[in-house]
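Undergrad: Sharing a structure below in structure tokens format, with a few things to ask.
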Amino acid sequence: MFDRITNRHGETLDYTFHEGSEDMRNLLVIGHGVTGNKDRPLVTGLAERVSEEGMPCLRFSFSGNGDSQGRFSESTISKEVEDLKSVLTTVVERGWTPIYAGHSMGAAVGALATVGDGRMRYLISLAGMVETADFCKREFSGVTPDEGFMWDQEECPFSRAFLEDMEKLQTISGDASAVKVPWLFVHGTDDDVVPVEESRSLFALANEPKKLIEIPGADHVFSGDALERVCEEVISWLGDNLSS
């Protein structure tokens, strides 16, 4: 459908396109979180369910992740914002109106990419990261940059570039008021990677129209029955907004 998608560094971004069953120009773009890729259960599950309801979807891996080109050690939040904007450029050039759903750091990327862009129709944050510097302190305080790994995954080195970018940003809360599109937040109450309080705080700062859904007992990746609940909430919210 899109042939090759590349970022501004010329790196090819791996993606999967899901045909919709209805004739529409809206396209749900789905991005993953830290150490993830386009084939994680949450990402594939959401794409499959939304496309079954009629809306086409495109799930992709940020550069350096999954089968996308690039080095994981160079995969910073700033570079991922660039990646997402490259994806938006491709889909808009082909006549689609993008809607974005991002998980964890991918949600933060979505918010940052939406500010001042004007191409995004709606924004969906799934267990969205807000406090980037705190995340690094909480998850990787005992890991030496450029020597250790994220969550002991040898294919995911904890780079100084990643750490410095997260510390420079500190938080995305200051950008919330600059997001001018309808915004859905979904977060699990038992998330031990990104606390649900982060979505609550960002939601309070966001513009209307907005909605916050908390899923009792759900973890960071919405495992088990929580995945179906996420899909139901996203589909319902999209339906309400597209019909209004």
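In the structure tokens, the first chain shown is A, the next is B, and so on; residue numbers restart at 1 for each chain, and ligands run from 1 in the order shown.
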DSSP on the backbone, strand (DSSP E or B) only: what residues of range 57-110 of chain A does that give? Format it as a PyMOL selection string.

TA: chain A and resi 57-60+97-103

Undergrad: As JSON, numbers by chain, which residues of range 34-230 of chain A does DSSP assign to helix (DSSP H, G or I)?

TA: {"A": [41, 42, 43, 44, 45, 46, 47, 48, 49, 50, 51, 52, 72, 73, 74, 77, 78, 79, 80, 81, 82, 83, 84, 85, 86, 87, 88, 89, 90, 91, 92, 93, 105, 106, 107, 108, 109, 110, 111, 112, 113, 114, 132, 133, 134, 135, 136, 137, 138, 139, 140, 150, 151, 152, 160, 161, 162, 163, 164, 165, 166, 167, 168, 169, 173, 174, 175, 176, 177, 178, 196, 197, 198, 199, 200, 201, 202, 203, 204, 205, 226, 227, 228, 229, 230]}

Undergrad: Can I get the selected residues back with C-alpha atoms, as a PDB file, in the first residue's frame?

TA:
```pdb
ATOM      1  CA  PRO A  41       0.424  -8.341  21.191  1.00  0.00           C
ATOM      2  CA  LEU A  42      -1.077  -4.971  22.144  1.00  0.00           C
ATOM      3  CA  VAL A  43      -0.124  -3.396  18.824  1.00  0.00           C
ATOM      4  CA  THR A  44      -1.195  -6.302  16.623  1.00  0.00           C
ATOM      5  CA  GLY A  45      -4.352  -6.930  18.640  1.00  0.00           C
ATOM      6  CA  LEU A  46      -5.506  -3.322  18.387  1.00  0.00           C
ATOM      7  CA  ALA A  47      -4.750  -3.133  14.653  1.00  0.00           C
ATOM      8  CA  GLU A  48      -6.648  -6.346  13.945  1.00  0.00           C
ATOM      9  CA  ARG A  49      -9.720  -5.348  15.960  1.00  0.00           C
ATOM     10  CA  VAL A  50      -9.929  -1.810  14.586  1.00  0.00           C
ATOM     11  CA  SER A  51      -9.510  -2.990  10.988  1.00  0.00           C
ATOM     12  CA  GLU A  52     -12.238  -5.582  11.545  1.00  0.00           C
ATOM     13  CA  PHE A  72      18.761   0.585  18.878  1.00  0.00           C
ATOM     14  CA  SER A  73      21.413   2.586  20.745  1.00  0.00           C
ATOM     15  CA  GLU A  74      20.456   5.597  18.604  1.00  0.00           C
ATOM     16  CA  ILE A  77      12.563   9.833  21.951  1.00  0.00           C
ATOM     17  CA  SER A  78      13.558  12.769  19.730  1.00  0.00           C
ATOM     18  CA  LYS A  79      14.465  10.448  16.859  1.00  0.00           C
ATOM     19  CA  GLU A  80      11.210   8.566  17.267  1.00  0.00           C
ATOM     20  CA  VAL A  81       9.290  11.839  16.943  1.00  0.00           C
ATOM     21  CA  GLU A  82      11.099  12.311  13.620  1.00  0.00           C
ATOM     22  CA  ASP A  83      10.225   8.742  12.625  1.00  0.00           C
ATOM     23  CA  LEU A  84       6.544   9.304  13.324  1.00  0.00           C
ATOM     24  CA  LYS A  85       6.525  12.529  11.329  1.00  0.00           C
ATOM     25  CA  SER A  86       8.080  10.642   8.417  1.00  0.00           C
ATOM     26  CA  VAL A  87       5.266   8.086   8.631  1.00  0.00           C
ATOM     27  CA  LEU A  88       2.693  10.903   8.717  1.00  0.00           C
ATOM     28  CA  THR A  89       4.241  12.474   5.641  1.00  0.00           C
ATOM     29  CA  THR A  90       3.959   9.191   3.758  1.00  0.00           C
ATOM     30  CA  VAL A  91       0.349   8.484   4.675  1.00  0.00           C
ATOM     31  CA  VAL A  92      -0.819  12.059   4.073  1.00  0.00           C
ATOM     32  CA  GLU A  93       0.863  12.126   0.649  1.00  0.00           C
ATOM     33  CA  MET A 105       6.973   6.042  25.215  1.00  0.00           C
ATOM     34  CA  GLY A 106       5.231   5.752  21.867  1.00  0.00           C
ATOM     35  CA  ALA A 107       2.376   7.727  23.394  1.00  0.00           C
ATOM     36  CA  ALA A 108       4.753  10.486  24.474  1.00  0.00           C
ATOM     37  CA  VAL A 109       6.170  10.478  20.946  1.00  0.00           C
ATOM     38  CA  GLY A 110       2.649  10.933  19.586  1.00  0.00           C
ATOM     39  CA  ALA A 111       1.927  13.931  21.775  1.00  0.00           C
ATOM     40  CA  LEU A 112       5.215  15.610  20.885  1.00  0.00           C
ATOM     41  CA  ALA A 113       4.708  14.936  17.168  1.00  0.00           C
ATOM     42  CA  THR A 114       1.172  16.340  17.250  1.00  0.00           C
ATOM     43  CA  THR A 132      10.633  10.873  30.916  1.00  0.00           C
ATOM     44  CA  ALA A 133      13.492  11.644  33.300  1.00  0.00           C
ATOM     45  CA  ASP A 134      11.706   9.939  36.195  1.00  0.00           C
ATOM     46  CA  PHE A 135      11.141   6.885  34.028  1.00  0.00           C
ATOM     47  CA  CYS A 136      14.886   6.450  33.520  1.00  0.00           C
ATOM     48  CA  LYS A 137      15.574   6.911  37.236  1.00  0.00           C
ATOM     49  CA  ARG A 138      12.894   4.421  38.168  1.00  0.00           C
ATOM     50  CA  GLU A 139      13.702   1.702  35.637  1.00  0.00           C
ATOM     51  CA  PHE A 140      17.432   2.055  34.900  1.00  0.00           C
ATOM     52  CA  MET A 150      17.348  -2.218  29.361  1.00  0.00           C
ATOM     53  CA  TRP A 151      15.667  -4.801  31.569  1.00  0.00           C
ATOM     54  CA  ASP A 152      18.611  -7.174  30.930  1.00  0.00           C
ATOM     55  CA  ARG A 160      23.862   7.550  26.995  1.00  0.00           C
ATOM     56  CA  ALA A 161      22.123   9.160  24.020  1.00  0.00           C
ATOM     57  CA  PHE A 162      18.776   7.745  25.177  1.00  0.00           C
ATOM     58  CA  LEU A 163      19.351   8.817  28.783  1.00  0.00           C
ATOM     59  CA  GLU A 164      20.475  12.347  27.934  1.00  0.00           C
ATOM     60  CA  ASP A 165      17.533  12.864  25.587  1.00  0.00           C
ATOM     61  CA  MET A 166      15.055  11.728  28.245  1.00  0.00           C
ATOM     62  CA  GLU A 167      16.702  13.922  30.889  1.00  0.00           C
ATOM     63  CA  LYS A 168      16.772  16.936  28.588  1.00  0.00           C
ATOM     64  CA  LEU A 169      13.047  16.561  27.920  1.00  0.00           C
ATOM     65  CA  SER A 173       3.391  17.851  30.554  1.00  0.00           C
ATOM     66  CA  GLY A 174       4.362  21.279  29.270  1.00  0.00           C
ATOM     67  CA  ASP A 175       3.236  20.284  25.777  1.00  0.00           C
ATOM     68  CA  ALA A 176      -0.242  19.070  26.761  1.00  0.00           C
ATOM     69  CA  SER A 177      -2.003  22.397  26.264  1.00  0.00           C
ATOM     70  CA  ALA A 178      -0.515  22.678  22.758  1.00  0.00           C
ATOM     71  CA  VAL A 196      -1.529   5.614  36.163  1.00  0.00           C
ATOM     72  CA  GLU A 197      -1.019   8.951  37.923  1.00  0.00           C
ATOM     73  CA  GLU A 198       0.926  10.140  34.883  1.00  0.00           C
ATOM     74  CA  SER A 199      -2.118   9.815  32.634  1.00  0.00           C
ATOM     75  CA  ARG A 200      -4.254  11.467  35.278  1.00  0.00           C
ATOM     76  CA  SER A 201      -1.931  14.453  35.499  1.00  0.00           C
ATOM     77  CA  LEU A 202      -1.630  14.872  31.725  1.00  0.00           C
ATOM     78  CA  PHE A 203      -5.377  14.470  31.289  1.00  0.00           C
ATOM     79  CA  ALA A 204      -5.944  17.336  33.722  1.00  0.00           C
ATOM     80  CA  LEU A 205      -3.759  19.584  31.552  1.00  0.00           C
ATOM     81  CA  ALA A 226      -7.370  -6.111  29.396  1.00  0.00           C
ATOM     82  CA  LEU A 227      -6.379  -6.141  25.716  1.00  0.00           C
ATOM     83  CA  GLU A 228      -9.957  -6.673  24.610  1.00  0.00           C
ATOM     84  CA  ARG A 229     -11.087  -3.869  26.920  1.00  0.00           C
ATOM     85  CA  VAL A 230      -8.545  -1.511  25.344  1.00  0.00           C
TER      86      VAL A 230
END
```

Undergrad: With distances taken over only C-alpha atoms, which residue among A:Leu58, A:Val34, A:Ile124, A:Val186 lies nearest Tyr15 in chain A?

TA: A:Leu58

Undergrad: Between CA of Gly188 in chain A and CA of Leu123 in chain A, what is the distance in Å, rounded to a tenth?

TA: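 Distance reported for this atom pair: 18.0 Å.
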
Undergrad: CA of Ile99 in chain A and CA of Lys180 in chain A are how many Å apart?

TA: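 Between CA of Ile99 in chain A and CA of Lys180 in chain A the gap works out to 13.2 Å.
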
Undergrad: Which is closest to Ala101 in chain A among A:Val234, A:Ile215, A:Met55, A:Val179, if we use only C-alpha atoms?

TA: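 Of the candidates, the smallest distance to Ala101 in chain A is held by A:Val234.
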
Undergrad: Hey, which of A:Gln153, A:Thr189, A:Asn26, A:Ser244 ends up closest to Gly217 in chain A? Count only C-alpha atoms.

TA: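 Residue with the minimum atom-to-atom distance to Gly217 in chain A: A:Thr189.
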
Undergrad: Excluding Ala127 in chain A and any residue of its chain fewer than 5 positions from it, enumerate the residues within 7 Å of it, using only C-alpha atoms, and give them as a ChimeraX atom specification.

TA: /A:103-104,186-188,194,220

Undergrad: So how many Å separate CA of Thr16 in chain A and CA of Lys38 in chain A, to one decimal?

TA: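 A separation of 7.8 Å between them.
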
Undergrad: Show which residues sit within 7 Å of Pro98 in chain A, as a ChimeraX atom specification. Count only C-alpha atoms, and ignore same-chain residues fewer than 5 positions away.

TA: /A:26-29,88,119-121
